[in-house]
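Below is one structure; the comments refer to it alone.
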Amino acid sequence: MTQVNRLAGGQIDRTKTCNFTFDGNPYAGHSGDTLASALLANGVRLMGRSFKYHRPRGVLTAGSEEPNALVELRGGARQEPNTRATTIELYDGLLAKSQNHMGSLRFDLLAINDRLSNFLTAGFYYKTFMWPAAFWEKLYEPIIRKAAGLGSLSLKDDPDVYDKGFLHCDLLIIGAGPAGLMAALIAGRAGADVIIADEDFALGGRLNSETLSIADQSGADWAAATIAELSSLPNVRIMPRTTVIGAFDHGIYGAVERVGDHLHTPDANKPRQVLWRIYTQKTILAAGAIERPIAFENNDRPGIMLGSALRTYANRFAVAADKRVAIFTNNNDGHRTAADLHAKGVKISAVVDVRPDAPRSMDYEVLQGEVVDTKGRLGLTFAEVKLADGSIRTLECGALGMSGGWNPNVHMTCHQRGRPVWNDGIAAFVPGADLPTGMIVAGAANGDMSTAGALKGGATAAKLALGLKGRLPKLPKAEDAPINLKPFWYVKGCSRAWLDQQNDVTVKDVKLSHQEGFRSVEHLKRYTTLGMATDQGKTSNMGGLAIMAELAGKAIPEVGTTIFRPPYTPTAIGALGGRHRGQEFHPKRLTPSHKWAEEHGAVFVEVGNWLRAQWFPREGETTWRESVDREVLATRKSVGVCDVTTLGKVDVQGTDAADFLNKIYCNGFAKLAVGKTRYGLMLREDGIAMDDGTAARLAEDHFVVTTTTANALPVYRHMEFVRQCLFPDIDVQLISTTEAWAQYAVAGPNSRNLLSAIVDQVISNEAFPFMACANITICGGLRARLFRISFSGELAYEIAVPTEYGDALMRKIMEVGAQYDVTPYGTEALGVMRIEKGHAAGNELNGTTTALNLGMARMVSKKKDSIGSTLSERDGLNGDGQLSQVGIKPVDPNDPVPAGAHLMDADGPVDAAHDQGYATSACYSPHLGHAIAIGFLKNGTDRMGERMRLVSPLTGVDVQVEITSAHFIDPEGERLRA
Amino acid sequence: MIIDHPLLGPRDASEFTYMGDAKLIDRPDWQSQTAAQEFYEYGYLRDNPAGWHEELWFHEAGDRSWLVVTRNTVTHDISKVELARDVARARGRSK
């Protein structure tokens, strides 16, 4: 097919032909075309089906406000639904498909919906599918979702990379039309740091779409010359294909730059899109205006579009929407369209103007009247005009331009809750006074609809924004036509006249909404869906508001607008996510022994951001339990080693360090001797346990505090809060040293023998008893720290070296420990051993438990002030019936005792009212040969030996258990003191 | 949002962690006769103003200062940013 509707001129590059495919048919266009302009050039008016009634649709606009011509762009993993044909830059090899039809685009089986339109009015679904309730989810919704909808997803991973960036400037200019370019020129020449962004790939705004001149140049040439000068200024950054999507707090703007969307395949070395966060002192909003349609019967046929879109296609893209074009207008702009098209050789059937004083023309017929209906199944063929005398005249035309006036693009002025105000002169909302900080509006966005007005507005705004002194430079002479508009929203008596083509909302629906009491604009929007979906009602909202105002007997400004929210145009989730996806969603932290662990086949688990070895499978082991049981038994028998670097470490120094620990821990630290370590329980101010760890006193004024892995950050934050906000004069400094030290737990009866071969000092039981700590050296002089603390219940140490020696120390421990069959163990074995020993961990410190619940009530010192001590004495947390930590073992050793299951009296009912407690941590104990758990039980300490039921109705668990001490091994603690 | 840090100048809000009402600085005296009641009020009662609000922000991805930020909860305007330590001292806290 040839480009039957291609005209002469335009701003396309005819030397570059782009072959493309739409719905499987091959076409050709040129570089500089959009998909929409290239389809029109090839005589294709039908581009999609409507959302609800599946009516045939073509383009309505030539810009990002397009409601109709949504297509699936590209194939495979890059398939992108709901992409506007009017903004897709044509490239060679482009592939697009129409969407939302069953069968072919021309013969859509779901077009039956159009015949059923009397039933499918606003609120249809709410009213119809109410009964029976169960049918909604299973039957109605799937069918409705299938029938009504937009494009489809590829369901494959997005192969492209998206990025985020930060920009700073003195002045951000949104929109590169005449106002924006003039502002940039003045600000740029004045030396300010300027960013000028425009959503289009060609800068110039309407100047590219009009035949109007500036000084002695065409508007497009003036724009090109201006951009050339701006490009030469190092302080001006020009950003085409960049949509500013929102105005946020304190002069921060979001913008999406489409770096690779106009290429056949995005450059592998560049992100496809970049989400910019722009920090600016001042902003000039020069976003222009959007023309609005007029509602009349069957005004949605392919070929019926905005008059300004007809001009854009003719002047910029050298495309006639059809050979014969009619115009329906309420203002002079419609005549401009007719004149431009006539000059390009397009036949003007007639200009239909609602005004009695419409300008006349020698070149084409001007009729006073209204378009009352149209014909043409898959595209416009005839328009019926009711003339002023009441007679009907039929016009033959394949395209019809609607000119209902222009709406300033006020969106961004409202993102900080600003409300637009009504301007009678142009019958439209213009920006109000409550603009986002630092914003000035210029040009058509501010209601100045002439080219001269835009140039002057841009220049004035730049001067104001930068506080420039002196007079404005002389501005080039440009078109300065007055507005002559008669507000006209819809043809009286019409019903199936579309206001919102994207959501199939007609004049009839707005009337129904009014009739049923949904009269506020916010209700109107939600009841009819007017203004929803990808176009957010850019071409439809005003018409709906105007009709509602008329029905309610109010003025339009009294009815008001719905709230404009970011983003200005649809933004890909990929762009918002940037590189933060998959593994890169959060940082990945590796322990110093990670490489070693990988070499030894470790299975890793994510703990917070850390990757920790979970277990180390050996050859022949077929289940994780085999590996874990082996690691536990080997550690308890001889010696094991585990990387515990991930535990939080906070260095606490200062003359008041001991006092400080007294504040943050419920138990006392003032009397802790130098060279000793103590377990500490940290409460929240409400008396609930927050975290636990150890504090080692390395010097009178120096402690090292450890936290759990998960709470390293919140605990540090809390400690700083206590230090800075509660006790501002306390002489203490804190620093997080989690990443500065590599730390290993060496546990088991042979741990001392092993470490003696590495540590330079004597560490006999006398010289270095249980809970000792010291600065030491290892391997003949490397500084290190040694703590005799035990999580496993065995004779155990934790040894720390500067992180860079962590890998070497792990290898050294394995080498020296070979004679003791040293076994590396992972977090699972660590967990098994601590459950066997009855040590509380995250499952027990779960945000609901107190020191009393944990069996540590006596630790909460009454002799000092500490965070949480006062509220831990509350009645509700004390007295009879409180939970306390217990051990749980099955009566039949083959039974499981799963965590999460609840304890019930052996002979009582199983329901929430009779709940006695629950299991928090469970494991198989290789030491005991059966499953064990620890958990919480009401008055648990008094119920040792009691038989109970452990039940989990959800998972079908119901086993007999015995309540025991939580210390399944070595309850007297002889091993760790050995 | 941008928070004008008293030591470091304007910083993006994403560097900070929010905690809440700066009344949390006014921790009651544990030895007061009515300590239990005072701690209950301190821990659980907050004003929720539509308008100016003094609140605590922690410069977690920065210098680890706790700040008292006076922010309008309706407009997000920020009128004052102080070091929480200075505010605490001014309110009579010491150690």
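Convention: chains lettered A, B, ... in structure tokens order; per-chain residue numbering from 1; ligands numbered from 1 as shown.
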* To do: May I have the residues of chain B within 7 Å of chain A, counting only C-alpha atoms, written as a list in words?
  =>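 So the contacting residues turn out to be Met1, Ile2, Ile25, Arg27, Trp30, Ala36, Phe39, Gly43, Trp66, His76, Ala84, Arg85, Ala88, Arg89, Arg93, Ser94 and Lys95 of chain B.
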* To do: Among the residues of region 135-269 of chain A, find those DSSP assigns to helix (DSSP H, G or I) from the backbone and print them as a VMD selection string.
  => chain A and resid 135 to 147 178 to 189 205 to 208 219 to 231 249 to 251
* Figure out the distance between CA of Leu475 (chain A) and CA of Lys456 (chain A), please, to one decimal in Å. =>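 Between CA of Lys456 (chain A) and CA of Leu475 (chain A) the gap is 7.2 Å.
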* To do: From a DSSP pass on the backbone, collect the residues of region 18-90 of chain B flagged as strand (DSSP E or B) and hand them back as a list in words.
  =>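 Strand (DSSP E or B) assignments inside region 18-90 of chain B correspond to Tyr18, Met19, Gly20, Asp21, Trp52, His53, Glu54, Glu55, Leu56, Trp57, Phe58, Trp66, Leu67, Val68, Val69, Thr70, Arg71, Asn72, Ile78, Ser79, Lys80, Val81, Glu82 and Leu83 of chain B.
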* Between CA of Asn72 (chain B) and CA of Val521 (chain A), measure the distance and give it in Å to one decimal. =>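 About the pair CA of Asn72 (chain B) and CA of Val521 (chain A): they are 28.2 Å apart.
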* Asked: In Å to one decimal, how far is CA of Leu83 (chain B) from CA of Asp47 (chain B)?
  ->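 These atoms are spaced 21.8 Å apart.
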Would you list the contacts of region 167-172 of chain A as a JSON list (two decimals) with C-alpha atoms, in the first residue's frame, taking every protein, DNA or RNA residue within 6 Å and counting only C-alpha atoms, but skipping same-chain residues closer than 4 positions in sequence?
```json
[["chain", "number", "residue", "atom", "x", "y", "z"],
["A", 193, "ASP", "CA", 21.67, 26.71, 34.90],
["A", 194, "VAL", "CA", 18.64, 25.77, 32.85],
["A", 195, "ILE", "CA", 16.97, 22.48, 32.06],
["A", 196, "ILE", "CA", 14.32, 22.52, 29.36],
["A", 278, "ILE", "CA", 15.15, 17.30, 39.25],
["A", 279, "TYR", "CA", 15.92, 19.73, 42.07],
["A", 280, "THR", "CA", 15.27, 23.27, 40.96],
["A", 281, "GLN", "CA", 15.02, 26.72, 42.46],
["A", 282, "LYS", "CA", 12.42, 27.95, 39.99],
["A", 283, "THR", "CA", 10.18, 26.34, 37.45]]
```
* Asked: From the list B:Arg46, B:His59, B:Lys80, B:His53, which residue is nearest Ala13 (chain B) when using only C-alpha atoms?
  -> B:His59
* To do: Quick one: everything within 7 Å of region 41-54 of chain A, counting only C-alpha atoms, minus sequence neighbours fewer than 2 positions away in the same chain. Send it as an MDAnalysis selection string.
  => chainID A and resid 1:6 37:39 56:58 68:70 98:101 105 110:111 113:114 148:150 302:303 319:320 378:379 502:504
* Asked: Hey, what's within 7 Å of region 261-266 of chain A if we count only C-alpha atoms and toss same-chain stuff fewer than 2 positions away? As number ranges by chain, please?
  -> A: 89, 91-94, 258-259, 268, 272
Name the residues in contact with region 11-21 of chain A at a cut-off of 10 Å, using only C-alpha atoms, excluding same-chain residues fewer than 6 positions from it; report them as a PDB file with C-alpha atoms, in the first residue's frame.
```pdb
ATOM      1  CA  TYR A  27       3.312  -0.243   5.498  1.00  0.00           C
ATOM      2  CA  ALA A  28       5.940   2.414   4.930  1.00  0.00           C
ATOM      3  CA  GLY A  29       6.418   5.804   6.521  1.00  0.00           C
ATOM      4  CA  HIS A  30       9.289   8.163   7.112  1.00  0.00           C
ATOM      5  CA  SER A  31      11.662   9.082   9.855  1.00  0.00           C
ATOM      6  CA  GLY A  32       9.973  11.870  11.790  1.00  0.00           C
ATOM      7  CA  ASP A  33       6.548  10.217  11.586  1.00  0.00           C
ATOM      8  CA  THR A  34       4.656   8.844  14.526  1.00  0.00           C
ATOM      9  CA  LEU A  35       2.905   5.521  14.144  1.00  0.00           C
ATOM     10  CA  ALA A  38       2.252   6.982   9.205  1.00  0.00           C
ATOM     11  CA  LEU A  39      -0.972   4.951   9.445  1.00  0.00           C
ATOM     12  CA  ARG A  74       6.786  -4.610  19.696  1.00  0.00           C
ATOM     13  CA  LEU A  90       8.331   5.486  13.774  1.00  0.00           C
ATOM     14  CA  TYR A  91      11.426   3.342  13.258  1.00  0.00           C
ATOM     15  CA  ASP A  92      12.318   0.824  10.626  1.00  0.00           C
ATOM     16  CA  GLY A  93      10.947  -2.590  11.543  1.00  0.00           C
ATOM     17  CA  LEU A  94       8.326  -1.300  13.962  1.00  0.00           C
ATOM     18  CA  LEU A  95       5.731  -3.896  14.894  1.00  0.00           C
ATOM     19  CA  ALA A  96       2.362  -2.956  16.369  1.00  0.00           C
ATOM     20  CA  LYS A  97      -0.981  -4.609  16.911  1.00  0.00           C
ATOM     21  CA  ALA A 202      10.810  17.307  18.110  1.00  0.00           C
ATOM     22  CA  ASN A 208       5.882  22.649  14.449  1.00  0.00           C
ATOM     23  CA  SER A 209       2.182  22.160  13.825  1.00  0.00           C
ATOM     24  CA  ALA A 220       9.304  25.759  13.089  1.00  0.00           C
ATOM     25  CA  ASN A 315       1.682  20.739   8.693  1.00  0.00           C
ATOM     26  CA  ARG A 316       4.181  18.698  10.701  1.00  0.00           C
ATOM     27  CA  PHE A 317       3.742  15.207   9.256  1.00  0.00           C
ATOM     28  CA  ALA A 318       2.513  16.122   5.755  1.00  0.00           C
TER      29      ALA A 318
END
```
